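Trainee: After the structure tokens below, expect a handful of questions from me.
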Amino acid sequence: MRVVLAEDLFLLRDGLTRTLREHGDEVVAVDNGPSLLRALLEEDEEAPDLAVVDVRLPPTYSDEGLQAALEARRRRPGLPVLVLSQYVETLYANELLAGGDGAVGYLLKDRITHTEQFLDAVRRVAAGGTVMDPQVVSRLLSRGEARGTIGSLTPRERDVLELMAEGRSNSSVASCLYLSESAVAKHVASIFAKLGISPSADANRRVLAVLAYLKR
């Protein structure tokens with residue numbers, strides 16, 4: 001897989017590059033917004049399969065990374081993008097999710113110190129999935145309290161919803177919460193009913209439906 005990696009901190013950029021290459025990926029590493037956009041718009045055999053992007057890049061250190069990634073997705077629909085951020089910023093998460101097409105992820109930087117979690121996110125986003133950092137999901141859930149319907153969920157249903165919104169399957173949720181898959185399926189059905197979301201067997205559509213509801 002060809003990965004474009006955008007990160008201005010040398011040590012982090014070097015570490016992520018080494019990790020991806022050790023697992024068989026080809027990496028093009030850049031350290032600023034303009035270089036990132038050029039790399040993402042390469043054609044033919046130089047075209048990337050995935051972008052791993054720091055939100056804040058030179059020259060202004062605002063949101064160049066995110067905006068370059070969004071522009072690349074507009075020009076190349078479906079380009080998988082995994083965004084890295086130092087902080088939970090729901091505005092950035094909302095912008096990333098706005099298209100509703102999947103193949104997107106939002107991780108906090110402290111999460112990528114865990115190699116397996118980082119690589120799992122890379123693979124899931126590259127395959128068209130949606131991966132959201134648990135802290136981002138928690139922030140979206142807390143914003144949903146004002147609407148009342150989130151408040152109607154039981155504590156266990158909230159646990160299930162949070163794991164669902166991270167992109168986990170029923171079997172993964174069951175493993176995390178020490179429940180049977182049939183128990184998780186019942187919780188999921190109850191969650192969808194209370195939130196007014198049409199059920200879906202497709203895992204990614206399910207995640208996007210939940211996130212779309214939470215960020216309204």
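Going through the structure tokens in order, the chains are called A, B, and so on, while each chain numbers its residues from 1 and the ligands are numbered from 1 in the order shown.
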Near His23 of chain A, within 12 Å and counting only C-alpha atoms, which residues show up once chain neighbours fewer than 6 positions away are dropped, as a list in words?
Mentor: Met1, Arg2, Val3, Leu16, Thr17, Thr115, Glu116, Phe118, Leu119, Asp120, Val122 and Arg123 of chain A
Trainee: I'd like the neighbourhood of Val83 of chain A as a tab-separated table (two decimals) with N, CA, C and O atoms, in the first residue's frame, where a residue qualifies if any of its atoms comes within 12 Å (using only C-alpha atoms), though same-chain residues fewer than 5 positions away should be ignored.
Mentor:
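Wrote it out as result.tsv, contents follow:
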chain	number	residue	atom	x	y	z
A	4	VAL	N	0.75	8.31	1.96
A	4	VAL	CA	1.31	9.65	2.10
A	4	VAL	C	1.15	10.04	3.57
A	4	VAL	O	0.04	10.05	4.10
A	5	LEU	N	2.27	10.35	4.21
A	5	LEU	CA	2.30	10.70	5.63
A	5	LEU	C	2.70	12.16	5.79
A	5	LEU	O	3.76	12.57	5.31
A	6	ALA	N	1.87	12.96	6.44
A	6	ALA	CA	2.16	14.37	6.65
A	6	ALA	C	2.25	14.66	8.15
A	6	ALA	O	1.26	14.55	8.87
A	7	GLU	N	3.45	15.00	8.60
A	7	GLU	CA	3.71	15.29	10.01
A	7	GLU	C	4.93	16.19	10.08
A	7	GLU	O	5.98	15.88	9.50
A	50	LEU	N	-3.67	5.79	0.72
A	50	LEU	CA	-4.10	6.27	2.03
A	50	LEU	C	-3.30	7.52	2.38
A	50	LEU	O	-2.11	7.61	2.08
A	51	ALA	N	-3.96	8.48	3.05
A	51	ALA	CA	-3.28	9.65	3.61
A	51	ALA	C	-3.36	9.57	5.14
A	51	ALA	O	-4.44	9.37	5.69
A	52	VAL	N	-2.22	9.72	5.80
A	52	VAL	CA	-2.16	9.84	7.26
A	52	VAL	C	-1.69	11.26	7.53
A	52	VAL	O	-0.55	11.61	7.20
A	53	VAL	N	-2.54	12.08	8.12
A	53	VAL	CA	-2.36	13.53	8.07
A	53	VAL	C	-2.48	14.18	9.44
A	53	VAL	O	-3.49	14.01	10.14
A	54	ASP	N	-1.46	14.95	9.82
A	54	ASP	CA	-1.56	15.81	10.99
A	54	ASP	C	-2.45	16.99	10.63
A	54	ASP	O	-2.34	17.55	9.55
A	55	VAL	N	-3.36	17.37	11.53
A	55	VAL	CA	-4.27	18.48	11.26
A	55	VAL	C	-3.49	19.78	11.04
A	55	VAL	O	-3.74	20.51	10.08
A	56	ARG	N	-2.55	20.05	11.90
A	56	ARG	CA	-1.85	21.34	11.89
A	56	ARG	C	-0.46	21.19	11.29
A	56	ARG	O	0.39	20.51	11.86
A	57	LEU	N	-0.26	21.85	10.15
A	57	LEU	CA	1.01	21.77	9.44
A	57	LEU	C	1.49	23.18	9.07
A	57	LEU	O	0.69	24.12	9.04
A	63	ASP	N	-5.03	24.58	10.23
A	63	ASP	CA	-5.62	23.29	9.85
A	63	ASP	C	-5.24	22.90	8.42
A	63	ASP	O	-6.03	22.29	7.70
A	64	GLU	N	-3.99	23.27	8.01
A	64	GLU	CA	-3.57	22.98	6.64
A	64	GLU	C	-3.68	21.50	6.28
A	64	GLU	O	-4.05	21.16	5.16
A	65	GLY	N	-3.30	20.63	7.20
A	65	GLY	CA	-3.34	19.20	6.91
A	65	GLY	C	-4.74	18.72	6.61
A	65	GLY	O	-4.99	18.01	5.62
A	66	LEU	N	-5.69	19.10	7.47
A	66	LEU	CA	-7.08	18.70	7.27
A	66	LEU	C	-7.62	19.26	5.96
A	66	LEU	O	-8.26	18.54	5.18
A	67	GLN	N	-7.37	20.55	5.69
A	67	GLN	CA	-7.92	21.16	4.48
A	67	GLN	C	-7.31	20.56	3.22
A	67	GLN	O	-8.01	20.38	2.21
A	68	ALA	N	-6.03	20.23	3.25
A	68	ALA	CA	-5.40	19.58	2.10
A	68	ALA	C	-6.02	18.20	1.86
A	68	ALA	O	-6.30	17.81	0.71
A	69	ALA	N	-6.29	17.48	2.95
A	69	ALA	CA	-6.90	16.16	2.82
A	69	ALA	C	-8.32	16.26	2.27
A	69	ALA	O	-8.73	15.46	1.40
A	70	LEU	N	-9.08	17.23	2.77
A	70	LEU	CA	-10.46	17.40	2.29
A	70	LEU	C	-10.47	17.82	0.81
A	70	LEU	O	-11.32	17.35	0.04
A	88	VAL	N	-8.97	16.80	21.10
A	88	VAL	CA	-10.30	16.47	20.62
A	88	VAL	C	-10.94	17.76	20.10
A	88	VAL	O	-11.22	18.68	20.87
A	89	GLU	N	-11.15	17.84	18.80
A	89	GLU	CA	-11.80	19.02	18.20
A	89	GLU	C	-12.94	18.52	17.32
A	89	GLU	O	-12.72	18.04	16.21
A	92	TYR	N	-13.32	19.52	13.58
A	92	TYR	CA	-12.53	18.78	12.61
A	92	TYR	C	-13.16	17.42	12.31
A	92	TYR	O	-13.19	16.98	11.16
A	93	ALA	N	-13.66	16.76	13.36
A	93	ALA	CA	-14.32	15.46	13.15
A	93	ALA	C	-15.53	15.63	12.26
A	93	ALA	O	-15.78	14.82	11.35
A	95	GLU	N	-16.09	17.98	9.98
A	95	GLU	CA	-15.67	18.26	8.60
A	95	GLU	C	-15.25	16.97	7.91
A	95	GLU	O	-15.58	16.74	6.74
A	96	LEU	N	-14.54	16.14	8.63
A	96	LEU	CA	-14.05	14.90	8.05
A	96	LEU	C	-15.19	13.96	7.70
A	96	LEU	O	-15.17	13.28	6.67
A	97	LEU	N	-16.22	13.93	8.54
A	97	LEU	CA	-17.34	13.01	8.36
A	97	LEU	C	-18.43	13.55	7.44
A	97	LEU	O	-19.36	12.83	7.09
A	103	ALA	N	-14.20	5.58	4.79
A	103	ALA	CA	-12.76	5.64	4.50
A	103	ALA	C	-12.14	6.85	5.18
A	103	ALA	O	-11.28	7.53	4.61
A	104	VAL	N	-12.57	7.13	6.41
A	104	VAL	CA	-12.02	8.24	7.18
A	104	VAL	C	-11.76	7.80	8.61
A	104	VAL	O	-12.41	6.88	9.13
A	105	GLY	N	-10.80	8.47	9.24
A	105	GLY	CA	-10.51	8.19	10.64
A	105	GLY	C	-9.99	9.43	11.33
A	105	GLY	O	-9.46	10.34	10.69
A	106	TYR	N	-10.17	9.49	12.65
A	106	TYR	CA	-9.71	10.61	13.46
A	106	TYR	C	-9.14	10.02	14.73
A	106	TYR	O	-9.88	9.46	15.55
A	107	LEU	N	-7.82	10.13	14.91
A	107	LEU	CA	-7.15	9.61	16.10
A	107	LEU	C	-6.41	10.71	16.82
A	107	LEU	O	-5.84	11.61	16.19
A	108	LEU	N	-6.40	10.64	18.14
A	108	LEU	CA	-5.53	11.51	18.91
A	108	LEU	C	-4.11	10.97	18.86
A	108	LEU	O	-3.89	9.76	18.80
A	109	LYS	N	-3.14	11.88	18.90
A	109	LYS	CA	-1.75	11.47	18.72
A	109	LYS	C	-1.26	10.52	19.81
A	109	LYS	O	-0.41	9.67	19.54
A	111	ARG	N	-2.78	8.15	20.94
A	111	ARG	CA	-3.26	6.82	20.60
A	111	ARG	C	-2.26	6.09	19.70
A	111	ARG	O	-2.18	4.87	19.71
A	112	ILE	N	-1.50	6.85	18.91
A	112	ILE	CA	-0.63	6.19	17.93
A	112	ILE	C	0.68	5.73	18.55
A	112	ILE	O	1.53	5.18	17.86
A	118	PHE	N	-2.65	1.74	16.10
A	118	PHE	CA	-2.40	2.61	14.94
A	118	PHE	C	-2.51	1.82	13.64
A	118	PHE	O	-3.21	2.23	12.70
A	121	ALA	N	-6.07	0.91	12.81
A	121	ALA	CA	-6.80	2.05	12.25
A	121	ALA	C	-6.42	2.28	10.80
A	121	ALA	O	-7.27	2.54	9.94
A	122	VAL	N	-5.13	2.19	10.50
A	122	VAL	CA	-4.65	2.37	9.12
A	122	VAL	C	-5.32	1.37	8.19
A	122	VAL	O	-5.83	1.73	7.11
A	125	VAL	N	-9.27	2.05	7.82
A	125	VAL	CA	-9.57	3.21	6.98
A	125	VAL	C	-9.22	2.93	5.53
A	125	VAL	O	-10.00	3.25	4.61
A	130	THR	N	-14.57	3.32	8.92
A	130	THR	CA	-14.57	4.57	9.67
A	130	THR	C	-14.06	4.30	11.07
A	130	THR	O	-14.56	3.41	11.76
A	131	VAL	N	-13.03	5.06	11.48
A	131	VAL	CA	-12.41	4.85	12.78
A	131	VAL	C	-12.39	6.18	13.53
A	131	VAL	O	-11.81	7.16	13.05
A	132	MET	N	-13.03	6.22	14.69
A	132	MET	CA	-13.04	7.45	15.49
A	132	MET	C	-12.41	7.18	16.85
A	132	MET	O	-12.67	6.14	17.47
A	133	ASP	N	-11.59	8.10	17.31
A	133	ASP	CA	-10.96	7.96	18.61
A	133	ASP	C	-12.04	7.93	19.70
A	133	ASP	O	-13.02	8.68	19.63
Trainee: Please extract the residues of segment 25-131 of chain A with a backbone DSSP assignment of alpha helix (DSSP H) and present them as a PDB file with C-alpha atoms, in the first residue's frame.
Mentor:
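What follows is the written file part.pdb:
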ATOM      1  CA  GLY A  33       0.408  21.574   3.668  1.00  0.00           C
ATOM      2  CA  PRO A  34       1.359  22.435   0.052  1.00  0.00           C
ATOM      3  CA  SER A  35       3.626  19.378  -0.253  1.00  0.00           C
ATOM      4  CA  LEU A  36       0.862  17.205   1.162  1.00  0.00           C
ATOM      5  CA  LEU A  37      -1.705  18.307  -1.424  1.00  0.00           C
ATOM      6  CA  ARG A  38       0.755  17.740  -4.281  1.00  0.00           C
ATOM      7  CA  ALA A  39       1.554  14.252  -3.007  1.00  0.00           C
ATOM      8  CA  LEU A  40      -2.128  13.365  -2.613  1.00  0.00           C
ATOM      9  CA  GLU A  64      -3.565  22.975   6.638  1.00  0.00           C
ATOM     10  CA  GLY A  65      -3.342  19.202   6.907  1.00  0.00           C
ATOM     11  CA  LEU A  66      -7.079  18.705   7.267  1.00  0.00           C
ATOM     12  CA  GLN A  67      -7.917  21.163   4.481  1.00  0.00           C
ATOM     13  CA  ALA A  68      -5.399  19.576   2.097  1.00  0.00           C
ATOM     14  CA  ALA A  69      -6.900  16.158   2.819  1.00  0.00           C
ATOM     15  CA  LEU A  70     -10.458  17.404   2.286  1.00  0.00           C
ATOM     16  CA  GLU A  71      -9.466  19.099  -0.980  1.00  0.00           C
ATOM     17  CA  ALA A  72      -7.808  15.886  -2.162  1.00  0.00           C
ATOM     18  CA  ARG A  73     -10.989  13.920  -1.337  1.00  0.00           C
ATOM     19  CA  ARG A  74     -13.054  16.420  -3.333  1.00  0.00           C
ATOM     20  CA  ARG A  75     -10.804  15.900  -6.340  1.00  0.00           C
ATOM     21  CA  THR A  90     -15.299  18.037  17.131  1.00  0.00           C
ATOM     22  CA  LEU A  91     -15.318  20.663  14.363  1.00  0.00           C
ATOM     23  CA  TYR A  92     -12.531  18.778  12.608  1.00  0.00           C
ATOM     24  CA  ALA A  93     -14.315  15.462  13.150  1.00  0.00           C
ATOM     25  CA  ASN A  94     -17.496  16.920  11.670  1.00  0.00           C
ATOM     26  CA  GLU A  95     -15.674  18.255   8.604  1.00  0.00           C
ATOM     27  CA  LEU A  96     -14.050  14.895   8.047  1.00  0.00           C
ATOM     28  CA  LEU A  97     -17.337  13.009   8.355  1.00  0.00           C
ATOM     29  CA  THR A 115       1.559   0.360  17.361  1.00  0.00           C
ATOM     30  CA  GLU A 116      -1.153  -2.256  16.968  1.00  0.00           C
ATOM     31  CA  GLN A 117      -3.962   0.258  17.469  1.00  0.00           C
ATOM     32  CA  PHE A 118      -2.405   2.606  14.944  1.00  0.00           C
ATOM     33  CA  LEU A 119      -1.907  -0.131  12.357  1.00  0.00           C
ATOM     34  CA  ASP A 120      -5.436  -1.445  12.925  1.00  0.00           C
ATOM     35  CA  ALA A 121      -6.800   2.052  12.251  1.00  0.00           C
ATOM     36  CA  VAL A 122      -4.647   2.367   9.125  1.00  0.00           C
ATOM     37  CA  ARG A 123      -5.922  -0.933   7.723  1.00  0.00           C
ATOM     38  CA  ARG A 124      -9.570  -0.255   8.543  1.00  0.00           C
ATOM     39  CA  VAL A 125      -9.572   3.214   6.983  1.00  0.00           C
ATOM     40  CA  ALA A 126      -7.678   1.988   3.911  1.00  0.00           C
TER      41      ALA A 126
END
Trainee: Looking only at the backbone, which of the residues in segment 25-209 of chain A does DSSP tag as strand (DSSP E), as a ChimeraX atom specification?
Mentor: /A:26-30,50-54,81-85,104-108,130-132
Trainee: I'd like to know which of A:Ile150, A:Glu157, A:Arg168, A:Leu179 is closest to Leu195 of chain A, using only C-alpha atoms.
Mentor: A:Ile150
Trainee: Fewer than 3 positions away in the same chain doesn't count, so skip those; otherwise give me all residues within 9 Å of segment 202-210 of chain A, counting only C-alpha atoms, as a ChimeraX atom specification.
Mentor: /A:97,100-103,128-131,161,164-170,192,195,197-199,213-215
Trainee: Could you tell me which of A:Gly99, A:Glu22, A:Ala201, A:Ser62 comes closest to Gly78 of chain A if we count only C-alpha atoms?
Mentor: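 Nearest candidate to Gly78 of chain A out of A:Gly99, A:Glu22, A:Ala201, A:Ser62: A:Gly99.
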Trainee: When distances are computed from only C-alpha atoms, which of A:Arg158, A:Asn32, A:Gly24, A:Thr113 shows the smallest separation from Phe10 of chain A?
Mentor: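 Closest residue, counting only C-alpha atoms: A:Asn32.
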Trainee: Determine the nearest neighbour of Asp110 of chain A from the options A:Thr154, A:Ser138, A:Ser85, A:Ser200, counting only C-alpha atoms.
Mentor: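 Looking only at the distances to Asp110 of chain A, the closest residue turns out to be A:Ser85.
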Trainee: In Å, rounded to a single decimal, give me how far atom CA of Val136 of chain A is from atom CA of Arg18 of chain A.
Mentor: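 Computing the Euclidean distance for atom CA of Arg18 of chain A and atom CA of Val136 of chain A yields 27.0 Å.
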